[in-house]
file query-v8.tsv (TSV, N, CA and C atoms)
chain	number	residue	atom	x	y	z
B	24	MET	N	-48.03	-48.17	-16.91
B	24	MET	CA	-46.69	-48.54	-17.30
B	24	MET	C	-46.52	-50.04	-17.09
B	25	ALA	N	-46.08	-50.73	-18.10
B	25	ALA	CA	-45.93	-52.18	-18.03
B	25	ALA	C	-44.67	-52.55	-17.26
B	26	ALA	N	-44.75	-53.65	-16.57
B	26	ALA	CA	-43.60	-54.13	-15.81
B	26	ALA	C	-42.56	-54.69	-16.78
B	27	SER	N	-41.32	-54.54	-16.42
B	27	SER	CA	-40.24	-55.08	-17.24
B	27	SER	C	-40.32	-56.60	-17.25
B	28	PRO	N	-40.04	-57.23	-18.40
B	28	PRO	CA	-40.07	-58.69	-18.43
B	28	PRO	C	-38.98	-59.31	-17.56
B	29	PHE	N	-37.97	-58.50	-17.19
B	29	PHE	CA	-36.88	-59.01	-16.37
B	29	PHE	C	-37.13	-58.77	-14.89
B	30	HIS	N	-38.22	-58.10	-14.54
B	30	HIS	CA	-38.52	-57.78	-13.15
B	30	HIS	C	-39.09	-59.02	-12.46
B	31	HIS	N	-38.51	-59.36	-11.35
B	31	HIS	CA	-38.99	-60.49	-10.57
B	31	HIS	C	-39.67	-59.96	-9.32
B	32	HIS	N	-40.71	-60.62	-8.88
B	32	HIS	CA	-41.44	-60.17	-7.71
B	32	HIS	C	-40.80	-60.65	-6.42
B	33	ARG	N	-39.82	-61.54	-6.51
B	33	ARG	CA	-39.10	-61.96	-5.32
B	33	ARG	C	-37.93	-61.01	-5.09
B	34	SER	N	-37.39	-61.05	-3.88
B	34	SER	CA	-36.25	-60.18	-3.60
B	34	SER	C	-35.05	-60.64	-4.42
B	35	HIS	N	-34.12	-59.73	-4.65
B	35	HIS	CA	-32.95	-60.04	-5.46
B	35	HIS	C	-32.11	-61.10	-4.78
B	36	PRO	N	-31.55	-62.03	-5.55
B	36	PRO	CA	-30.73	-63.09	-4.98
B	36	PRO	C	-29.54	-62.56	-4.20
B	37	GLU	N	-28.93	-61.47	-4.69
B	37	GLU	CA	-27.76	-60.96	-3.98
B	37	GLU	C	-28.11	-60.45	-2.59
B	38	ALA	N	-29.33	-59.93	-2.42
B	38	ALA	CA	-29.77	-59.49	-1.10
B	38	ALA	C	-29.96	-60.69	-0.17
B	39	GLN	N	-30.49	-61.77	-0.71
B	39	GLN	CA	-30.66	-62.99	0.09
B	39	GLN	C	-29.31	-63.56	0.49
B	40	VAL	N	-28.37	-63.59	-0.43
B	40	VAL	CA	-27.04	-64.12	-0.14
B	40	VAL	C	-26.35	-63.24	0.89
B	41	ALA	N	-26.47	-61.92	0.74
B	41	ALA	CA	-25.86	-61.00	1.70
B	41	ALA	C	-26.44	-61.21	3.10
B	42	ALA	N	-27.75	-61.41	3.19
B	42	ALA	CA	-28.38	-61.65	4.49
B	42	ALA	C	-27.88	-62.96	5.10
B	43	LEU	N	-27.74	-63.98	4.28
B	43	LEU	CA	-27.22	-65.26	4.78
B	43	LEU	C	-25.75	-65.14	5.19
B	44	ASP	N	-24.96	-64.34	4.46
B	44	ASP	CA	-23.57	-64.12	4.83
B	44	ASP	C	-23.47	-63.44	6.19
B	45	VAL	N	-24.33	-62.45	6.43
B	45	VAL	CA	-24.35	-61.76	7.72
B	45	VAL	C	-24.75	-62.74	8.82
B	46	GLU	N	-25.76	-63.54	8.56
B	46	GLU	CA	-26.21	-64.53	9.54
B	46	GLU	C	-25.10	-65.55	9.82
B	47	ALA	N	-24.39	-65.98	8.78
B	47	ALA	CA	-23.30	-66.94	8.95
B	47	ALA	C	-22.16	-66.34	9.77
B	48	ALA	N	-21.82	-65.08	9.50
B	48	ALA	CA	-20.76	-64.42	10.27
B	48	ALA	C	-21.16	-64.27	11.73
B	49	SER	N	-22.41	-63.94	11.96
B	49	SER	CA	-22.91	-63.80	13.32
B	49	SER	C	-22.88	-65.14	14.06
B	50	ALA	N	-23.30	-66.20	13.38
B	50	ALA	CA	-23.29	-67.53	13.99
B	50	ALA	C	-21.86	-67.99	14.26
B	51	ALA	N	-20.92	-67.67	13.36
B	51	ALA	CA	-19.51	-68.04	13.57
B	51	ALA	C	-18.94	-67.30	14.77
B	52	ALA	N	-19.29	-66.02	14.91
B	52	ALA	CA	-18.82	-65.24	16.06
B	52	ALA	C	-19.40	-65.81	17.35
B	53	ALA	N	-20.68	-66.18	17.32
B	53	ALA	CA	-21.32	-66.77	18.50
B	53	ALA	C	-20.66	-68.10	18.86
B	54	ALA	N	-20.28	-68.87	17.86
B	54	ALA	CA	-19.63	-70.16	18.11
B	54	ALA	C	-18.26	-69.98	18.76
B	55	ARG	N	-17.53	-68.93	18.33
B	55	ARG	CA	-16.21	-68.68	18.90
B	55	ARG	C	-16.29	-68.26	20.37
B	56	THR	N	-17.36	-67.60	20.76
B	56	THR	CA	-17.48	-67.10	22.13
B	56	THR	C	-18.40	-67.94	23.00
B	57	ALA	N	-18.91	-69.02	22.45
B	57	ALA	CA	-19.83	-69.88	23.21
B	57	ALA	C	-19.10	-70.57	24.36
B	58	PRO	N	-19.81	-70.76	25.48
B	58	PRO	CA	-19.19	-71.51	26.58
B	58	PRO	C	-18.93	-72.96	26.16
B	59	PRO	N	-18.01	-73.62	26.81
B	59	PRO	CA	-17.63	-75.00	26.41
B	59	PRO	C	-18.82	-75.95	26.30
B	60	SER	N	-19.81	-75.81	27.17
B	60	SER	CA	-20.95	-76.73	27.13
B	60	SER	C	-21.84	-76.53	25.91
B	61	GLU	N	-21.76	-75.35	25.29
B	61	GLU	CA	-22.60	-75.05	24.13
B	61	GLU	C	-21.81	-74.91	22.84
B	62	LYS	N	-20.49	-75.05	22.92
B	62	LYS	CA	-19.62	-74.80	21.78
B	62	LYS	C	-19.91	-75.73	20.59
B	63	ALA	N	-20.07	-77.03	20.84
B	63	ALA	CA	-20.29	-77.97	19.74
B	63	ALA	C	-21.59	-77.66	19.01
B	64	ALA	N	-22.65	-77.37	19.74
B	64	ALA	CA	-23.93	-77.04	19.11
B	64	ALA	C	-23.83	-75.74	18.33
B	65	ALA	N	-23.13	-74.75	18.88
B	65	ALA	CA	-22.98	-73.46	18.20
B	65	ALA	C	-22.14	-73.61	16.93
B	66	GLN	N	-21.11	-74.45	16.98
B	66	GLN	CA	-20.28	-74.68	15.79
B	66	GLN	C	-21.07	-75.41	14.71
B	67	ALA	N	-21.91	-76.36	15.12
B	67	ALA	CA	-22.74	-77.09	14.16
B	67	ALA	C	-23.73	-76.14	13.50
B	68	ARG	N	-24.34	-75.26	14.30
B	68	ARG	CA	-25.28	-74.27	13.76
B	68	ARG	C	-24.57	-73.33	12.77
B	69	ALA	N	-23.38	-72.87	13.15
B	69	ALA	CA	-22.62	-71.98	12.27
B	69	ALA	C	-22.26	-72.67	10.97
B	70	ALA	N	-21.87	-73.94	11.03
B	70	ALA	CA	-21.51	-74.69	9.82
B	70	ALA	C	-22.73	-74.87	8.92
B	71	ALA	N	-23.89	-75.13	9.53
B	71	ALA	CA	-25.12	-75.32	8.74
B	71	ALA	C	-25.51	-74.01	8.04
B	72	ILE	N	-25.39	-72.90	8.74
B	72	ILE	CA	-25.75	-71.61	8.14
B	72	ILE	C	-24.75	-71.25	7.05
B	73	GLU	N	-23.46	-71.53	7.28
B	73	GLU	CA	-22.45	-71.26	6.26
B	73	GLU	C	-22.71	-72.09	5.00
B	74	GLU	N	-23.10	-73.35	5.18
B	74	GLU	CA	-23.41	-74.20	4.04
B	74	GLU	C	-24.63	-73.68	3.29
B	75	LYS	N	-25.63	-73.21	4.04
B	75	LYS	CA	-26.84	-72.65	3.42
B	75	LYS	C	-26.47	-71.40	2.60
B	76	ALA	N	-25.59	-70.56	3.14
B	76	ALA	CA	-25.15	-69.35	2.43
B	76	ALA	C	-24.37	-69.74	1.17
B	77	ARG	N	-23.50	-70.75	1.28
B	77	ARG	CA	-22.72	-71.22	0.12
B	77	ARG	C	-23.64	-71.76	-0.97
B	78	ASP	N	-24.66	-72.52	-0.56
B	78	ASP	CA	-25.63	-73.06	-1.53
B	78	ASP	C	-26.42	-71.94	-2.19
B	79	ALA	N	-26.81	-70.94	-1.41
B	79	ALA	CA	-27.56	-69.80	-1.96
B	79	ALA	C	-26.71	-69.04	-2.96
B	80	ARG	N	-25.42	-68.87	-2.64
B	80	ARG	CA	-24.52	-68.16	-3.56
B	80	ARG	C	-24.37	-68.95	-4.86
B	81	ALA	N	-24.27	-70.26	-4.77
B	81	ALA	CA	-24.12	-71.10	-5.97
B	81	ALA	C	-25.39	-71.08	-6.82
B	82	ALA	N	-26.54	-70.82	-6.19
B	82	ALA	CA	-27.81	-70.83	-6.91
B	82	ALA	C	-28.13	-69.49	-7.58
B	83	VAL	N	-27.31	-68.47	-7.35
B	83	VAL	CA	-27.55	-67.16	-7.94
B	83	VAL	C	-27.40	-67.26	-9.46
B	84	PRO	N	-28.41	-66.81	-10.20
B	84	PRO	CA	-28.31	-66.87	-11.68
B	84	PRO	C	-27.14	-66.03	-12.19
B	85	CYS	N	-26.61	-66.41	-13.32
B	85	CYS	CA	-25.42	-65.75	-13.86
B	85	CYS	C	-25.62	-64.26	-14.10
B	86	TRP	N	-26.84	-63.81	-14.39
B	86	TRP	CA	-27.04	-62.39	-14.66
B	86	TRP	C	-27.04	-61.55	-13.38
B	87	HIS	N	-26.97	-62.19	-12.21
B	87	HIS	CA	-26.88	-61.47	-10.94
B	87	HIS	C	-25.52	-61.62	-10.29
B	88	ARG	N	-24.57	-62.27	-10.96
B	88	ARG	CA	-23.26	-62.50	-10.37
B	88	ARG	C	-22.29	-61.39	-10.72
B	89	ALA	N	-21.27	-61.25	-9.89
B	89	ALA	CA	-20.21	-60.28	-10.15
B	89	ALA	C	-19.09	-61.01	-10.89
B	90	TYR	N	-18.57	-60.37	-11.91
B	90	TYR	CA	-17.53	-60.98	-12.71
B	90	TYR	C	-16.32	-60.07	-12.82
B	91	GLY	N	-15.20	-60.68	-13.08
B	91	GLY	CA	-13.98	-59.93	-13.27
B	91	GLY	C	-12.84	-60.87	-13.56
B	92	CYS	N	-11.65	-60.29	-13.63
B	92	CYS	CA	-10.45	-61.10	-13.83
B	92	CYS	C	-9.30	-60.42	-13.11
B	93	ILE	N	-8.24	-61.19	-12.91
B	93	ILE	CA	-7.04	-60.68	-12.26
B	93	ILE	C	-5.98	-60.51	-13.34
B	94	VAL	N	-5.46	-59.30	-13.48
B	94	VAL	CA	-4.43	-59.01	-14.48
B	94	VAL	C	-3.24	-58.39	-13.75
B	95	CYS	N	-2.11	-59.04	-13.83
B	95	CYS	CA	-0.87	-58.55	-13.19
B	95	CYS	C	-1.09	-58.27	-11.70
B	96	GLY	N	-1.89	-59.09	-11.05
B	96	GLY	CA	-2.13	-58.94	-9.62
B	96	GLY	C	-3.18	-57.91	-9.25
B	97	ALA	N	-3.84	-57.31	-10.24
B	97	ALA	CA	-4.88	-56.32	-9.97
B	97	ALA	C	-6.23	-56.86	-10.45
B	98	ALA	N	-7.26	-56.61	-9.64
B	98	ALA	CA	-8.60	-57.07	-9.99
B	98	ALA	C	-9.26	-56.06	-10.92
B	99	LEU	N	-9.86	-56.55	-11.99
B	99	LEU	CA	-10.61	-55.72	-12.93
B	99	LEU	C	-11.99	-56.33	-13.09
B	100	GLY	N	-13.02	-55.50	-13.09
B	100	GLY	CA	-14.36	-56.02	-13.29
B	100	GLY	C	-15.39	-55.33	-12.42
B	101	ASP	N	-16.42	-56.08	-12.05
B	101	ASP	CA	-17.51	-55.54	-11.24
B	101	ASP	C	-16.99	-55.11	-9.87
B	102	ASP	N	-17.65	-54.13	-9.28
B	102	ASP	CA	-17.26	-53.62	-7.97
B	102	ASP	C	-17.25	-54.73	-6.92
B	103	GLU	N	-18.22	-55.62	-6.97
B	103	GLU	CA	-18.29	-56.71	-5.99
B	103	GLU	C	-17.11	-57.66	-6.15
B	104	PHE	N	-16.71	-57.93	-7.38
B	104	PHE	CA	-15.56	-58.79	-7.64
B	104	PHE	C	-14.30	-58.16	-7.08
B	105	ILE	N	-14.11	-56.88	-7.34
B	105	ILE	CA	-12.93	-56.17	-6.85
B	105	ILE	C	-12.92	-56.14	-5.33
B	106	ALA	N	-14.07	-55.86	-4.71
B	106	ALA	CA	-14.15	-55.82	-3.25
B	106	ALA	C	-13.81	-57.18	-2.64
B	107	ASP	N	-14.31	-58.25	-3.24
B	107	ASP	CA	-14.01	-59.59	-2.74
B	107	ASP	C	-12.52	-59.91	-2.90
B	108	PHE	N	-11.94	-59.55	-4.04
B	108	PHE	CA	-10.52	-59.78	-4.27
B	108	PHE	C	-9.67	-59.03	-3.24
B	109	LEU	N	-10.01	-57.76	-3.00
B	109	LEU	CA	-9.24	-56.96	-2.04
B	109	LEU	C	-9.37	-57.52	-0.63
B	110	HIS	N	-10.57	-57.98	-0.27
B	110	HIS	CA	-10.77	-58.56	1.06
B	110	HIS	C	-9.94	-59.83	1.21
B	111	THR	N	-9.93	-60.66	0.19
B	111	THR	CA	-9.13	-61.89	0.23
B	111	THR	C	-7.65	-61.58	0.36
B	112	LYS	N	-7.17	-60.59	-0.39
B	112	LYS	CA	-5.76	-60.19	-0.31
B	112	LYS	C	-5.43	-59.62	1.07
B	113	GLN	N	-6.36	-58.83	1.62
B	113	GLN	CA	-6.16	-58.27	2.96
B	113	GLN	C	-5.95	-59.38	3.98
B	114	LEU	N	-6.80	-60.40	3.92
B	114	LEU	CA	-6.68	-61.52	4.86
B	114	LEU	C	-5.37	-62.28	4.62
B	115	GLU	N	-4.98	-62.42	3.37
B	115	GLU	CA	-3.74	-63.12	3.04
B	115	GLU	C	-2.52	-62.38	3.57
B	116	ILE	N	-2.50	-61.07	3.41
B	116	ILE	CA	-1.34	-60.27	3.79
B	116	ILE	C	-1.33	-59.93	5.27
B	117	CYS	N	-2.47	-59.47	5.78
B	117	CYS	CA	-2.53	-58.98	7.16
B	117	CYS	C	-2.96	-60.04	8.17
B	118	GLY	N	-3.60	-61.09	7.70
B	118	GLY	CA	-4.08	-62.13	8.60
B	118	GLY	C	-5.55	-61.97	8.89
B	119	ASP	N	-6.12	-63.00	9.49
B	119	ASP	CA	-7.54	-63.02	9.84
B	119	ASP	C	-7.65	-63.18	11.34
B	120	ILE	N	-7.96	-62.10	12.04
B	120	ILE	CA	-8.04	-62.12	13.49
B	120	ILE	C	-9.12	-63.08	13.96
B	121	ALA	N	-10.25	-63.10	13.28
B	121	ALA	CA	-11.37	-63.94	13.69
B	121	ALA	C	-10.99	-65.42	13.71
B	122	ASN	N	-10.17	-65.86	12.78
B	122	ASN	CA	-9.76	-67.26	12.71
B	122	ASN	C	-8.37	-67.50	13.27
B	123	SER	N	-7.79	-66.47	13.87
B	123	SER	CA	-6.44	-66.56	14.45
B	123	SER	C	-5.42	-67.07	13.45
B	124	SER	N	-5.57	-66.65	12.19
B	124	SER	CA	-4.59	-67.07	11.19
B	124	SER	C	-3.68	-65.88	10.85
B	125	PRO	N	-2.37	-66.07	11.02
B	125	PRO	CA	-1.45	-64.98	10.72
B	125	PRO	C	-1.33	-64.76	9.22
B	126	GLY	N	-1.08	-63.55	8.85
B	126	GLY	CA	-0.90	-63.23	7.44
B	126	GLY	C	0.55	-63.35	7.03
B	127	THR	N	0.81	-62.98	5.80
B	127	THR	CA	2.16	-63.05	5.25
B	127	THR	C	3.12	-62.17	6.02
B	128	ILE	N	2.67	-60.98	6.41
B	128	ILE	CA	3.55	-60.05	7.12
B	128	ILE	C	4.03	-60.69	8.42
B	129	VAL	N	3.12	-61.22	9.20
B	129	VAL	CA	3.48	-61.83	10.48
B	129	VAL	C	4.39	-63.03	10.27
B	130	SER	N	4.07	-63.86	9.30
B	130	SER	CA	4.89	-65.05	9.03
B	130	SER	C	6.31	-64.68	8.63
B	131	VAL	N	6.45	-63.68	7.77
B	131	VAL	CA	7.78	-63.24	7.32
B	131	VAL	C	8.55	-62.63	8.47
B	132	VAL	N	7.90	-61.79	9.26
B	132	VAL	CA	8.58	-61.13	10.38
B	132	VAL	C	9.03	-62.17	11.40
B	133	GLU	N	8.19	-63.17	11.68
B	133	GLU	CA	8.59	-64.21	12.64
B	133	GLU	C	9.79	-64.99	12.11
B	134	ALA	N	9.79	-65.28	10.82
B	134	ALA	CA	10.93	-66.01	10.24
B	134	ALA	C	12.20	-65.17	10.28
B	135	LEU	N	12.07	-63.87	10.01
B	135	LEU	CA	13.23	-62.99	10.05
B	135	LEU	C	13.73	-62.76	11.47
B	136	ALA	N	12.81	-62.67	12.41
B	136	ALA	CA	13.18	-62.38	13.80
B	136	ALA	C	14.09	-63.46	14.37
B	137	ALA	N	13.92	-64.68	13.91
B	137	ALA	CA	14.76	-65.77	14.41
B	137	ALA	C	16.22	-65.56	14.05
B	138	SER	N	16.50	-64.93	12.92
B	138	SER	CA	17.88	-64.76	12.50
B	138	SER	C	18.39	-63.32	12.65
B	139	SER	N	17.46	-62.33	12.57
B	139	SER	CA	17.91	-60.95	12.64
B	139	SER	C	16.77	-60.04	13.11
B	140	ALA	N	16.90	-59.52	14.31
B	140	ALA	CA	15.89	-58.61	14.86
B	140	ALA	C	15.83	-57.33	14.01
B	141	HIS	N	16.98	-56.90	13.50
B	141	HIS	CA	17.01	-55.69	12.67
B	141	HIS	C	16.22	-55.90	11.37
B	142	ALA	N	16.39	-57.05	10.74
B	142	ALA	CA	15.66	-57.35	9.51
B	142	ALA	C	14.16	-57.42	9.78
B	143	ALA	N	13.76	-58.00	10.91
B	143	ALA	CA	12.34	-58.08	11.27
B	143	ALA	C	11.78	-56.69	11.50
B	144	SER	N	12.53	-55.85	12.20
B	144	SER	CA	12.09	-54.48	12.46
B	144	SER	C	11.92	-53.71	11.15
B	145	THR	N	12.82	-53.89	10.23
B	145	THR	CA	12.75	-53.23	8.93
B	145	THR	C	11.54	-53.71	8.14
B	146	ALA	N	11.28	-55.01	8.19
B	146	ALA	CA	10.11	-55.56	7.48
B	146	ALA	C	8.82	-54.96	8.03
B	147	ILE	N	8.72	-54.84	9.33
B	147	ILE	CA	7.53	-54.24	9.94
B	147	ILE	C	7.41	-52.78	9.53
B	148	TYR	N	8.53	-52.05	9.59
B	148	TYR	CA	8.51	-50.62	9.29
B	148	TYR	C	8.07	-50.34	7.85
B	149	TYR	N	8.53	-51.15	6.90
B	149	TYR	CA	8.23	-50.91	5.51
B	149	TYR	C	6.98	-51.65	5.00
B	150	ALA	N	6.32	-52.40	5.84
B	150	ALA	CA	5.10	-53.11	5.44
B	150	ALA	C	4.01	-52.08	5.13
B	151	LEU	N	3.25	-52.34	4.08
B	151	LEU	CA	2.18	-51.42	3.69
B	151	LEU	C	1.12	-51.30	4.77
B	152	GLN	N	0.94	-52.32	5.59
B	152	GLN	CA	-0.05	-52.28	6.65
B	152	GLN	C	0.23	-51.12	7.60
B	153	CYS	N	1.49	-50.83	7.86
B	153	CYS	CA	1.86	-49.78	8.80
B	153	CYS	C	1.76	-48.39	8.20
B	154	ARG	N	1.75	-48.27	6.90
B	154	ARG	CA	1.74	-46.96	6.25
B	154	ARG	C	0.43	-46.21	6.45
B	155	ILE	N	-0.65	-46.92	6.74
B	155	ILE	CA	-1.93	-46.26	6.98
B	155	ILE	C	-1.86	-45.42	8.23
B	156	ASP	N	-1.14	-45.91	9.26
B	156	ASP	CA	-1.01	-45.17	10.51
B	156	ASP	C	-0.28	-43.87	10.26
call {"tool": "encode", "arguments": {"input": "query-v8.tsv", "output": "structure tokens"}}
result
Amino acid sequence: MAASPFHHHRSHPEAQVAALDVEAASAAAAARTAPPSEKAAAQARAAAIEEKARDARAAVPCWHRAYGCIVCGAALGDDEFIADFLHTKQLEICGDIANSSPGTIVSVVEALAASSAHAASTAIYYALQCRID
């Protein structure tokens, strides 16, 4: 059986990018928990790995990329595109614990709490984040 002309003997680019993303996340976590004497070196290492992952992602050929579009606030397209869109929205709405960045829910509740504790309580109660519980 002849090999496909599209078959490459190297590993798939998406697998390489995924491995670099995991390594970058691990290095970022290590940098956040590094002792003060090692923090600068750990942050530099994490930044270098993140840049390497970003470069690898940019080098992925177009036939291995995930594509899609946003229509009326909903992602349509490849599964990877949709997953990335949903993850980005999750961080936007709920916040990113790893980077200590509050999301929209927290920001709105804090703004409401200053003027009305009842309005803040209502916002928390009706937030979609709480409906999973």
call {"tool": "residues_near_point", "arguments": {"input": "query-v8.tsv", "point": "(-9.2, -56.0, -6.4)", "cutoff": "6 Å", "atoms": "only C-alpha atoms", "output": "tab-separated table (two decimals) with N, CA and C atoms, keeping the file's coordinate frame"}}
result
chain	number	residue	atom	x	y	z
B	97	ALA	N	-3.84	-57.31	-10.24
B	97	ALA	CA	-4.88	-56.32	-9.97
B	97	ALA	C	-6.23	-56.86	-10.45
B	98	ALA	N	-7.26	-56.61	-9.64
B	98	ALA	CA	-8.60	-57.07	-9.99
B	98	ALA	C	-9.26	-56.06	-10.92
B	105	ILE	N	-14.11	-56.88	-7.34
B	105	ILE	CA	-12.93	-56.17	-6.85
B	105	ILE	C	-12.92	-56.14	-5.33
B	106	ALA	N	-14.07	-55.86	-4.71
B	106	ALA	CA	-14.15	-55.82	-3.25
B	106	ALA	C	-13.81	-57.18	-2.64
B	108	PHE	N	-11.94	-59.55	-4.04
B	108	PHE	CA	-10.52	-59.78	-4.27
B	108	PHE	C	-9.67	-59.03	-3.24
B	109	LEU	N	-10.01	-57.76	-3.00
B	109	LEU	CA	-9.24	-56.96	-2.04
B	109	LEU	C	-9.37	-57.52	-0.63
call {"tool": "axis_aligned_box", "arguments": {"input": "query-v8.tsv", "around": "range 37-46 of chain B", "padding_each_side": "6 Å", "output": "JSON"}}
result
{"center_x": -27.1, "center_y": -62.5, "center_z": 2.6, "size_x": 19.2, "size_y": 18.1, "size_z": 26.5}
call {"tool": "atom_distance", "arguments": {"input": "query-v8.tsv", "atom1": "CA of Ala47 in chain B", "atom2": "CA of Ala76 in chain B"}}
result
7.2 Å
call {"tool": "atom_distance", "arguments": {"input": "query-v8.tsv", "atom1": "atom C of Ala54 in chain B", "atom2": "atom N of Gln66 in chain B"}}
result
5.6 Å
call {"tool": "atom_distance", "arguments": {"input": "query-v8.tsv", "atom1": "CA of Ile116 in chain B", "atom2": "CA of Glu103 in chain B"}}
result
19.9 Å
call {"tool": "closest_residue", "arguments": {"input": "query-v8.tsv", "among": "B:Arg55, B:Asp44, B:Ala143, B:His110", "to": "Val131 in chain B", "atoms": "only N, CA and C atoms"}}
result
B:Ala143
call {"tool": "select_by_dssp", "arguments": {"input": "query-v8.tsv", "residues": "range 49-148 of chain B", "states": "helix (DSSP H, G or I)", "output": "ChimeraX atom specification"}}
result
/B:49-56,59-81,85-87,102-117,127-138,140-148
call {"tool": "select_by_dssp", "arguments": {"input": "query-v8.tsv", "residues": "range 86-124 of chain B", "states": "strand (DSSP E or B)", "output": "CSV table (one decimal) with N, CA and C atoms, in the coordinates of the input"}}
result
chain,number,residue,atom,x,y,z
B,91,GLY,N,-15.2,-60.7,-13.1
B,91,GLY,CA,-14.0,-59.9,-13.3
B,91,GLY,C,-12.8,-60.9,-13.6
B,92,CYS,N,-11.6,-60.3,-13.6
B,92,CYS,CA,-10.4,-61.1,-13.8
B,92,CYS,C,-9.3,-60.4,-13.1
B,93,ILE,N,-8.2,-61.2,-12.9
B,93,ILE,CA,-7.0,-60.7,-12.3
B,93,ILE,C,-6.0,-60.5,-13.3
B,94,VAL,N,-5.5,-59.3,-13.5
B,94,VAL,CA,-4.4,-59.0,-14.5
B,94,VAL,C,-3.2,-58.4,-13.8
B,97,ALA,N,-3.8,-57.3,-10.2
B,97,ALA,CA,-4.9,-56.3,-10.0
B,97,ALA,C,-6.2,-56.9,-10.4
B,98,ALA,N,-7.3,-56.6,-9.6
B,98,ALA,CA,-8.6,-57.1,-10.0
B,98,ALA,C,-9.3,-56.1,-10.9
B,99,LEU,N,-9.9,-56.6,-12.0
B,99,LEU,CA,-10.6,-55.7,-12.9
B,99,LEU,C,-12.0,-56.3,-13.1
B,100,GLY,N,-13.0,-55.5,-13.1
B,100,GLY,CA,-14.4,-56.0,-13.3
B,100,GLY,C,-15.4,-55.3,-12.4
B,118,GLY,N,-3.6,-61.1,7.7
B,118,GLY,CA,-4.1,-62.1,8.6
B,118,GLY,C,-5.6,-62.0,8.9
B,119,ASP,N,-6.1,-63.0,9.5
B,119,ASP,CA,-7.5,-63.0,9.8
B,119,ASP,C,-7.6,-63.2,11.3
B,124,SER,N,-5.6,-66.6,12.2
B,124,SER,CA,-4.6,-67.1,11.2
B,124,SER,C,-3.7,-65.9,10.8
call {"tool": "closest_residue", "arguments": {"input": "query-v8.tsv", "among": "B:Glu73, B:Leu135, B:Tyr148, B:His87", "to": "Ala48 in chain B", "atoms": "only N, CA and C atoms"}}
result
B:Glu73
call {"tool": "closest_residue", "arguments": {"input": "query-v8.tsv", "among": "B:Ile72, B:Leu43, B:Ser144, B:Tyr90", "to": "Asp102 in chain B", "atoms": "only N, CA and C atoms"}}
result
B:Tyr90
call {"tool": "closest_residue", "arguments": {"input": "query-v8.tsv", "among": "B:Leu99, B:Val40, B:Asp119, B:Lys62", "to": "Arg77 in chain B", "atoms": "all atoms listed in the file"}}
result
B:Val40
call {"tool": "closest_residue", "arguments": {"input": "query-v8.tsv", "among": "B:Thr127, B:Ala89, B:Ala38, B:Pro59", "to": "Leu114 in chain B", "atoms": "all atoms listed in the file"}}
result
B:Thr127
